[in-house]
$ cat work_15.cif   # mmCIF, C-alpha atoms (C1' of nucleotides)
data_input
#
loop_
_atom_site.label_atom_id
_atom_site.label_comp_id
_atom_site.auth_asym_id
_atom_site.auth_seq_id
_atom_site.Cartn_x
_atom_site.Cartn_y
_atom_site.Cartn_z
CA MET A 1 1.89 14.41 -3.74
CA LYS A 2 4.45 12.07 -5.23
CA LEU A 3 3.53 8.54 -6.28
CA ALA A 4 6.10 5.98 -7.43
CA THR A 5 6.31 2.39 -8.60
CA TRP A 6 9.33 0.11 -8.40
CA ASN A 7 9.87 -3.53 -9.23
CA VAL A 8 12.53 -4.28 -6.61
CA ASN A 9 13.27 -7.89 -7.70
CA SER A 10 13.52 -9.24 -4.13
CA LEU A 11 12.61 -6.91 -1.27
CA LYS A 12 15.03 -8.79 0.97
CA VAL A 13 18.01 -8.02 -1.24
CA ARG A 14 16.88 -4.51 -2.17
CA LEU A 15 15.74 -3.25 1.24
CA PRO A 16 18.82 -1.04 1.78
CA HIS A 17 18.33 0.51 -1.68
CA LEU A 18 14.66 1.06 -0.96
CA THR A 19 15.10 2.73 2.42
CA ASP A 20 17.89 4.97 1.08
CA TRP A 21 15.72 5.92 -1.86
CA LEU A 22 12.68 6.63 0.34
CA ALA A 23 14.77 8.97 2.50
CA LYS A 24 16.13 10.77 -0.55
CA VAL A 25 13.02 11.02 -2.71
CA GLN A 26 10.33 11.18 -0.01
CA PRO A 27 7.47 9.75 -2.07
CA ASP A 28 3.99 9.78 -0.51
CA ILE A 29 2.80 6.52 -2.07
CA VAL A 30 5.01 3.71 -3.37
CA CYS A 31 3.89 0.60 -5.24
CA LEU A 32 6.35 -2.30 -5.09
CA GLN A 33 6.48 -5.48 -7.16
CA GLU A 34 8.41 -8.76 -7.09
CA LEU A 35 8.83 -8.82 -3.33
CA LYS A 36 9.72 -12.54 -3.62
CA LEU A 37 8.99 -13.14 0.04
CA GLU A 38 6.11 -14.43 2.10
CA ASP A 39 4.14 -12.08 4.34
CA ALA A 40 5.78 -13.39 7.51
CA LYS A 41 9.11 -12.09 6.17
CA PHE A 42 7.88 -8.66 5.13
CA PRO A 43 10.22 -6.01 6.64
CA ARG A 44 7.43 -4.06 8.28
CA ALA A 45 9.52 -2.71 11.18
CA GLU A 46 12.30 -1.44 8.91
CA LEU A 47 9.79 0.38 6.70
CA GLU A 48 7.96 1.84 9.68
CA ALA A 49 11.31 3.12 10.94
CA ALA A 50 11.69 4.74 7.52
CA GLY A 51 8.33 6.44 8.05
CA TYR A 52 6.04 4.23 5.97
CA GLN A 53 2.99 2.12 6.62
CA ALA A 54 2.63 -0.89 4.36
CA ALA A 55 -0.06 -3.09 2.85
CA PHE A 56 1.32 -6.21 1.22
CA SER A 57 0.46 -9.48 -0.43
CA GLY A 58 3.47 -11.73 -0.78
CA GLN A 59 4.41 -15.29 -1.56
CA LYS A 60 7.55 -17.38 -1.47
CA THR A 61 10.03 -17.05 -4.35
CA TYR A 62 7.88 -15.26 -6.91
CA ASN A 63 5.61 -12.25 -7.39
CA GLY A 64 4.41 -10.29 -4.35
CA VAL A 65 3.18 -6.69 -4.26
CA ALA A 66 2.99 -3.92 -1.67
CA ILE A 67 1.82 -0.35 -1.22
CA LEU A 68 3.71 1.99 1.09
CA ALA A 69 2.34 5.28 2.35
CA ARG A 70 3.49 7.84 4.88
CA THR A 71 0.03 8.01 6.46
CA GLY A 72 -3.56 6.93 6.19
CA LEU A 73 -3.44 3.66 4.28
CA SER A 74 -6.97 2.23 4.31
CA ASP A 75 -9.47 -0.05 2.55
CA VAL A 76 -6.85 -2.55 1.41
CA SER A 77 -7.95 -5.10 -1.14
CA VAL A 78 -5.93 -8.01 -2.54
CA GLY A 79 -6.28 -9.58 -5.98
CA MET A 80 -8.93 -9.00 -8.63
CA ALA A 81 -12.49 -9.96 -7.75
CA GLY A 82 -13.74 -12.60 -10.16
CA PHE A 83 -10.27 -13.71 -11.24
CA ALA A 84 -8.96 -16.43 -8.97
CA ASP A 85 -5.17 -16.44 -9.08
CA GLU A 86 -2.57 -18.16 -6.93
CA GLN A 87 -0.06 -15.53 -8.01
CA LYS A 88 0.08 -12.43 -5.83
CA ARG A 89 0.01 -9.65 -8.40
CA VAL A 90 -2.55 -7.07 -7.31
CA ILE A 91 -3.11 -4.98 -4.19
CA ALA A 92 -5.08 -1.76 -3.79
CA ALA A 93 -5.49 0.79 -1.04
CA SER A 94 -6.84 4.28 -0.44
CA VAL A 95 -4.45 7.03 0.59
CA SER A 96 -5.54 10.65 1.14
CA GLY A 97 -8.39 10.55 -1.34
CA VAL A 98 -6.50 8.58 -4.00
CA ARG A 99 -7.22 4.96 -4.84
CA ALA A 100 -3.87 3.31 -5.58
CA VAL A 101 -3.79 0.00 -7.42
CA CYS A 102 -0.44 -1.78 -7.51
CA VAL A 103 -0.01 -4.35 -10.30
CA TYR A 104 2.61 -6.86 -11.28
CA CYS A 105 1.42 -7.95 -14.71
CA PRO A 106 2.61 -11.33 -15.98
CA ASN A 107 5.81 -11.54 -17.98
CA GLY A 108 4.41 -13.80 -20.68
CA GLN A 109 7.73 -15.55 -21.35
CA ALA A 110 7.29 -16.01 -25.12
CA VAL A 111 4.58 -15.26 -27.65
CA GLY A 112 2.41 -18.33 -28.08
CA SER A 113 3.43 -19.94 -24.79
CA GLU A 114 1.03 -20.96 -22.05
CA LYS A 115 2.34 -18.05 -19.95
CA TYR A 116 1.61 -15.66 -22.80
CA ASP A 117 -2.00 -16.87 -22.89
CA TYR A 118 -2.19 -16.36 -19.14
CA LYS A 119 -0.83 -12.83 -19.61
CA LEU A 120 -3.56 -11.94 -22.12
CA ARG A 121 -6.29 -13.48 -19.94
CA TRP A 122 -4.88 -11.60 -16.98
CA PHE A 123 -5.04 -8.30 -18.87
CA ALA A 124 -8.65 -9.01 -19.84
CA ALA A 125 -9.44 -9.47 -16.15
CA LEU A 126 -7.51 -6.31 -15.30
CA LYS A 127 -9.67 -4.32 -17.70
CA GLU A 128 -12.85 -5.51 -16.00
CA TYR A 129 -11.39 -4.91 -12.56
CA LEU A 130 -10.23 -1.38 -13.39
CA ALA A 131 -13.54 -0.47 -15.04
CA ALA A 132 -15.23 -1.23 -11.72
CA GLU A 133 -12.56 0.62 -9.72
CA LEU A 134 -12.93 3.69 -11.95
CA ALA A 135 -16.69 3.71 -11.44
CA ARG A 136 -16.16 3.66 -7.71
CA TYR A 137 -13.06 5.85 -7.35
CA PRO A 138 -12.77 8.90 -9.64
CA GLN A 139 -9.24 9.56 -8.35
CA LEU A 140 -7.62 6.33 -9.46
CA ALA A 141 -3.94 5.55 -9.99
CA VAL A 142 -2.74 2.22 -11.37
CA ALA A 143 0.98 1.78 -10.94
CA GLY A 144 3.27 -1.13 -11.51
CA ASP A 145 5.26 -3.37 -13.78
CA PHE A 146 2.99 -3.88 -16.79
CA ASN A 147 5.52 -5.90 -18.77
CA VAL A 148 4.36 -4.09 -21.91
CA ALA A 149 6.30 -1.47 -23.85
CA PRO A 150 3.38 0.50 -25.28
CA ASP A 151 5.14 2.10 -28.25
CA ASP A 152 8.32 1.73 -30.30
CA ARG A 153 9.58 4.84 -28.49
CA ASP A 154 9.62 2.68 -25.38
CA VAL A 155 11.98 0.11 -26.93
CA HIS A 156 15.74 0.58 -27.41
CA ASP A 157 15.81 -1.55 -30.57
CA PRO A 158 12.32 -1.86 -32.06
CA LYS A 159 13.57 -3.93 -35.01
CA ALA A 160 15.14 -6.55 -32.77
CA TRP A 161 12.09 -6.63 -30.50
CA GLU A 162 9.45 -6.65 -33.22
CA GLY A 163 6.74 -9.20 -32.45
CA GLN A 164 8.47 -10.35 -29.26
CA VAL A 165 6.85 -10.67 -25.86
CA HIS A 166 6.40 -7.23 -24.21
CA VAL A 167 5.88 -5.51 -27.55
CA SER A 168 3.63 -7.89 -29.50
CA GLU A 169 0.45 -6.44 -30.97
CA PRO A 170 -1.98 -8.33 -28.68
CA GLU A 171 -0.11 -7.00 -25.64
CA ARG A 172 -0.16 -3.46 -26.97
CA ALA A 173 -3.84 -3.85 -27.77
CA ALA A 174 -4.44 -4.90 -24.15
CA TRP A 175 -2.62 -1.73 -23.06
CA ARG A 176 -4.78 0.43 -25.34
CA VAL A 177 -7.90 -1.14 -23.86
CA LEU A 178 -6.78 0.22 -20.47
CA LEU A 179 -6.31 3.69 -21.95
CA ALA A 180 -9.77 3.44 -23.53
CA LEU A 181 -11.23 3.08 -20.04
CA GLY A 182 -10.18 6.69 -19.49
CA LEU A 183 -6.74 6.07 -18.02
CA ASN A 184 -3.75 8.24 -18.94
CA ASP A 185 -0.08 7.25 -19.14
CA THR A 186 1.43 9.89 -16.83
CA PHE A 187 4.82 9.56 -18.54
CA ARG A 188 3.32 10.81 -21.82
CA LEU A 189 1.45 13.73 -20.27
CA PHE A 190 4.69 15.70 -20.57
CA GLU A 191 7.54 16.23 -23.02
CA GLN A 192 10.14 13.58 -22.27
CA PRO A 193 13.69 13.05 -23.45
CA GLU A 194 14.20 10.24 -25.96
CA LYS A 195 15.35 6.75 -25.02
CA ILE A 196 13.97 6.73 -21.49
CA TYR A 197 13.44 3.22 -20.17
CA SER A 198 12.55 1.57 -16.86
CA TRP A 199 14.11 -1.87 -17.28
CA TRP A 200 17.50 -3.03 -18.56
CA ASP A 201 18.69 -6.61 -18.91
CA TYR A 202 21.31 -7.63 -16.36
CA ARG A 203 23.18 -9.34 -19.17
CA MET A 204 25.34 -7.85 -21.90
CA MET A 205 25.77 -4.58 -20.03
CA GLY A 206 22.21 -3.63 -20.85
CA PHE A 207 22.19 -0.60 -18.58
CA ARG A 208 25.55 0.72 -19.75
CA ARG A 209 24.34 0.51 -23.35
CA ASN A 210 20.91 1.89 -22.37
CA ALA A 211 19.44 -1.21 -24.01
CA GLY A 212 16.15 -1.02 -22.19
CA LEU A 213 12.37 -1.07 -22.31
CA ARG A 214 9.82 1.22 -20.70
CA ILE A 215 7.50 -1.31 -19.08
CA ASP A 216 6.86 0.23 -15.63
CA HIS A 217 3.99 2.67 -15.76
CA ILE A 218 1.67 4.92 -13.80
CA LEU A 219 -1.82 5.23 -15.27
CA VAL A 220 -4.27 7.74 -13.81
CA SER A 221 -7.91 8.66 -14.20
CA GLN A 222 -8.78 11.96 -15.88
CA GLU A 223 -9.34 13.69 -12.53
CA LEU A 224 -5.85 12.77 -11.41
CA ALA A 225 -4.35 13.55 -14.82
CA ASN A 226 -5.70 17.08 -14.46
CA ARG A 227 -3.68 17.40 -11.25
CA CYS A 228 -0.48 15.82 -12.59
CA THR A 229 2.47 18.23 -12.67
CA ALA A 230 5.44 16.00 -13.51
CA SER A 231 6.48 12.45 -14.32
CA GLY A 232 9.58 10.47 -15.10
CA ILE A 233 11.87 7.59 -14.34
CA ASP A 234 14.59 7.76 -11.69
CA LYS A 235 17.62 5.93 -13.05
CA GLU A 236 19.78 6.53 -9.98
CA PRO A 237 19.03 3.28 -8.10
CA ARG A 238 19.90 1.28 -11.23
CA LYS A 239 23.47 2.61 -10.97
CA LEU A 240 24.08 1.13 -7.53
CA GLU A 241 25.89 -2.10 -6.69
CA ARG A 242 23.59 -5.13 -6.96
CA PRO A 243 20.63 -3.18 -8.36
CA SER A 244 17.17 -4.27 -9.30
CA ASP A 245 16.89 -4.62 -13.07
CA HIS A 246 14.03 -2.06 -12.90
CA ALA A 247 14.19 1.64 -12.03
CA PRO A 248 11.39 3.50 -10.22
CA ALA A 249 8.84 5.49 -12.22
CA PHE A 250 7.14 8.44 -10.54
CA ALA A 251 4.38 11.02 -11.01
CA GLU A 252 3.74 14.20 -9.06
CA PHE A 253 0.39 15.83 -8.36
CA ASP A 254 -0.54 19.30 -7.16
CA ARG A 255 -1.88 18.41 -3.68
"C1'" DA B 1 22.95 -19.51 -33.40
"C1'" DT B 2 23.45 -19.16 -28.69
"C1'" DG B 3 23.64 -17.07 -24.39
"C1'" DG B 4 25.07 -13.53 -22.00
"C1'" DC B 5 22.83 -11.91 -15.30
"C1'" DT B 6 20.37 -12.28 -10.91
"C1'" DA B 7 17.42 -14.38 -7.27
"C1'" DC B 8 15.65 -18.33 -5.32
"C1'" DG B 9 15.32 -22.93 -3.45
"C1'" DA B 10 16.87 -26.88 -3.32
"C1'" DT B 11 21.49 -28.45 -4.72
"C1'" DC B 12 26.10 -27.97 -6.51
"C1'" DC B 13 21.58 -27.20 -11.32
"C1'" DG B 14 16.83 -25.78 -12.74
"C1'" DT B 15 13.25 -22.24 -13.01
"C1'" DA B 16 11.97 -17.70 -13.91
"C1'" DG B 17 12.44 -13.17 -15.03
"C1'" DA B 18 12.13 -9.72 -19.44
#
$ encode --input "work_15.cif" --output "structure tokens"
Amino acid sequence: MKLATWNVNSLKVRLPHLTDWLAKVQPDIVCLQELKLEDAKFPRAELEAAGYQAAFSGQKTYNGVAILARTGLSDVSVGMAGFADEQKRVIAASVSGVRAVCVYCPNGQAVGSEKYDYKLRWFAALKEYLAAELARYPQLAVAGDFNVAPDDRDVHDPKAWEGQVHVSEPERAAWRVLLALGLNDTFRLFEQPEKIYSWWDYRMMGFRRNAGLRIDHILVSQELANRCTASGIDKEPRKLERPSDHAPAFAEFDR
DNA sequence: ATGGCTACGATCCGTAGA
């Protein structure tokens, strides 16, 4: 089983990239973020033609999340219980025995800003939400754009980024709280090459210089970690014309 | 020291992303 997450930065613009990539990579479950479209405009027919069912929670202009699966998408839930939020950032569904949670964590804009406070509150709610999900679903995967680079290894220039949003200590502490629940970063379950990132700034030739951050992650419960056979980031779609600024991350499991 | 792209929606620039 192959599970992937991709912040597409507008599903409307990226749909051709997505369908090409689905045909090539053949993932079983895909979590998407930043759809930037309302549900009425979700390209359900195009994705069905590509062989995927979809559960989605969108809104105009910003945010929006979806889960795609080849078969058997069930028990869809939207948002985090107990955390009222206008912003569509969370959707969950069950697929062939796995509970998949798709998250688009807040950006945070700048340390100390109102949006940064919202980000930290949002992560506190995520911890509570995932603790309950873990209790209910032993085979849990949480995939999405976390907007946190967990370690200096995940940052192209740690000196330049020190203390900035995405790498600040409170954000990294919020990440460690998720790991302390019993979740595992699938990327770090295996030896990985150095300087692997999932996001590169559109500006200043960020991708060409590999000036990136690893902020898109797949966390899994211990039961799923035991089944994990591979993980990585697929840079290929970032090389295309008019790409998303994020590349897909993936994890593979033995059945 | 600043802004550098891209997407979006309402204009012909502002907001947001990261």
$ closest_residue --input "work_15.cif" --among "A:Gly108, A:Pro16, A:Pro27, A:Gly51" --to "chain B" --atoms "only C-alpha atoms (C1' of nucleotides)"
A:Gly108
$ residues_around --input "work_15.cif" --residues "Asp154 in chain A" --least-positions-apart "6" --cutoff "8 Å" --atoms "only C-alpha atoms (C1' of nucleotides)" --output "PyMOL selection string"
chain A and resi 195-197+213-215
$ closest_atom_pairs --input "work_15.cif" --of "range 26-122 of chain A" --to "chain B" --cutoff "8 Å" --atoms "only C-alpha atoms (C1' of nucleotides)" --output "CSV"
residue,atom,partner,partner_atom,distance
A:Thr61,CA,B:DC8,C1',5.8
A:Asn107,CA,B:DA18,C1',6.7
A:Gln109,CA,B:DA18,C1',7.5
$ resolve_selection --input "work_15.cif" --expression "the PyMOL selection byres ((chain A) within 6 of (chain B))" --output "list of chain:residue names"
A:Thr61, A:Tyr202, A:Arg203, A:Met204
$ closest_residue --input "work_15.cif" --among "A:Lys2, A:Lys127, A:Lys235, A:Arg209" --to "Gly182 in chain A" --atoms "all atoms listed in the file"
A:Lys127
$ resolve_selection --input "work_15.cif" --expression "the PyMOL selection byres ((chain A and resi 156) around 12)" --output "ChimeraX atom specification"
/A:149,151-155,157-162,167,194-201,206-207,209-215
$ residues_near_point --input "work_15.cif" --point "(5.4, -16.1, -27.4)" --cutoff "9 Å" --atoms "all atoms listed in the file" --output "tab-separated table (two decimals) with C-alpha atoms, in the coordinates of the input"
chain	number	residue	atom	x	y	z
A	108	GLY	CA	4.41	-13.80	-20.68
A	109	GLN	CA	7.73	-15.55	-21.35
A	110	ALA	CA	7.29	-16.01	-25.12
A	111	VAL	CA	4.58	-15.26	-27.65
A	112	GLY	CA	2.41	-18.33	-28.08
A	113	SER	CA	3.43	-19.94	-24.79
A	114	GLU	CA	1.03	-20.96	-22.05
A	115	LYS	CA	2.34	-18.05	-19.95
A	116	TYR	CA	1.61	-15.66	-22.80
A	117	ASP	CA	-2.00	-16.87	-22.89
A	163	GLY	CA	6.74	-9.20	-32.45
A	164	GLN	CA	8.47	-10.35	-29.26
A	165	VAL	CA	6.85	-10.67	-25.86
A	168	SER	CA	3.63	-7.89	-29.50
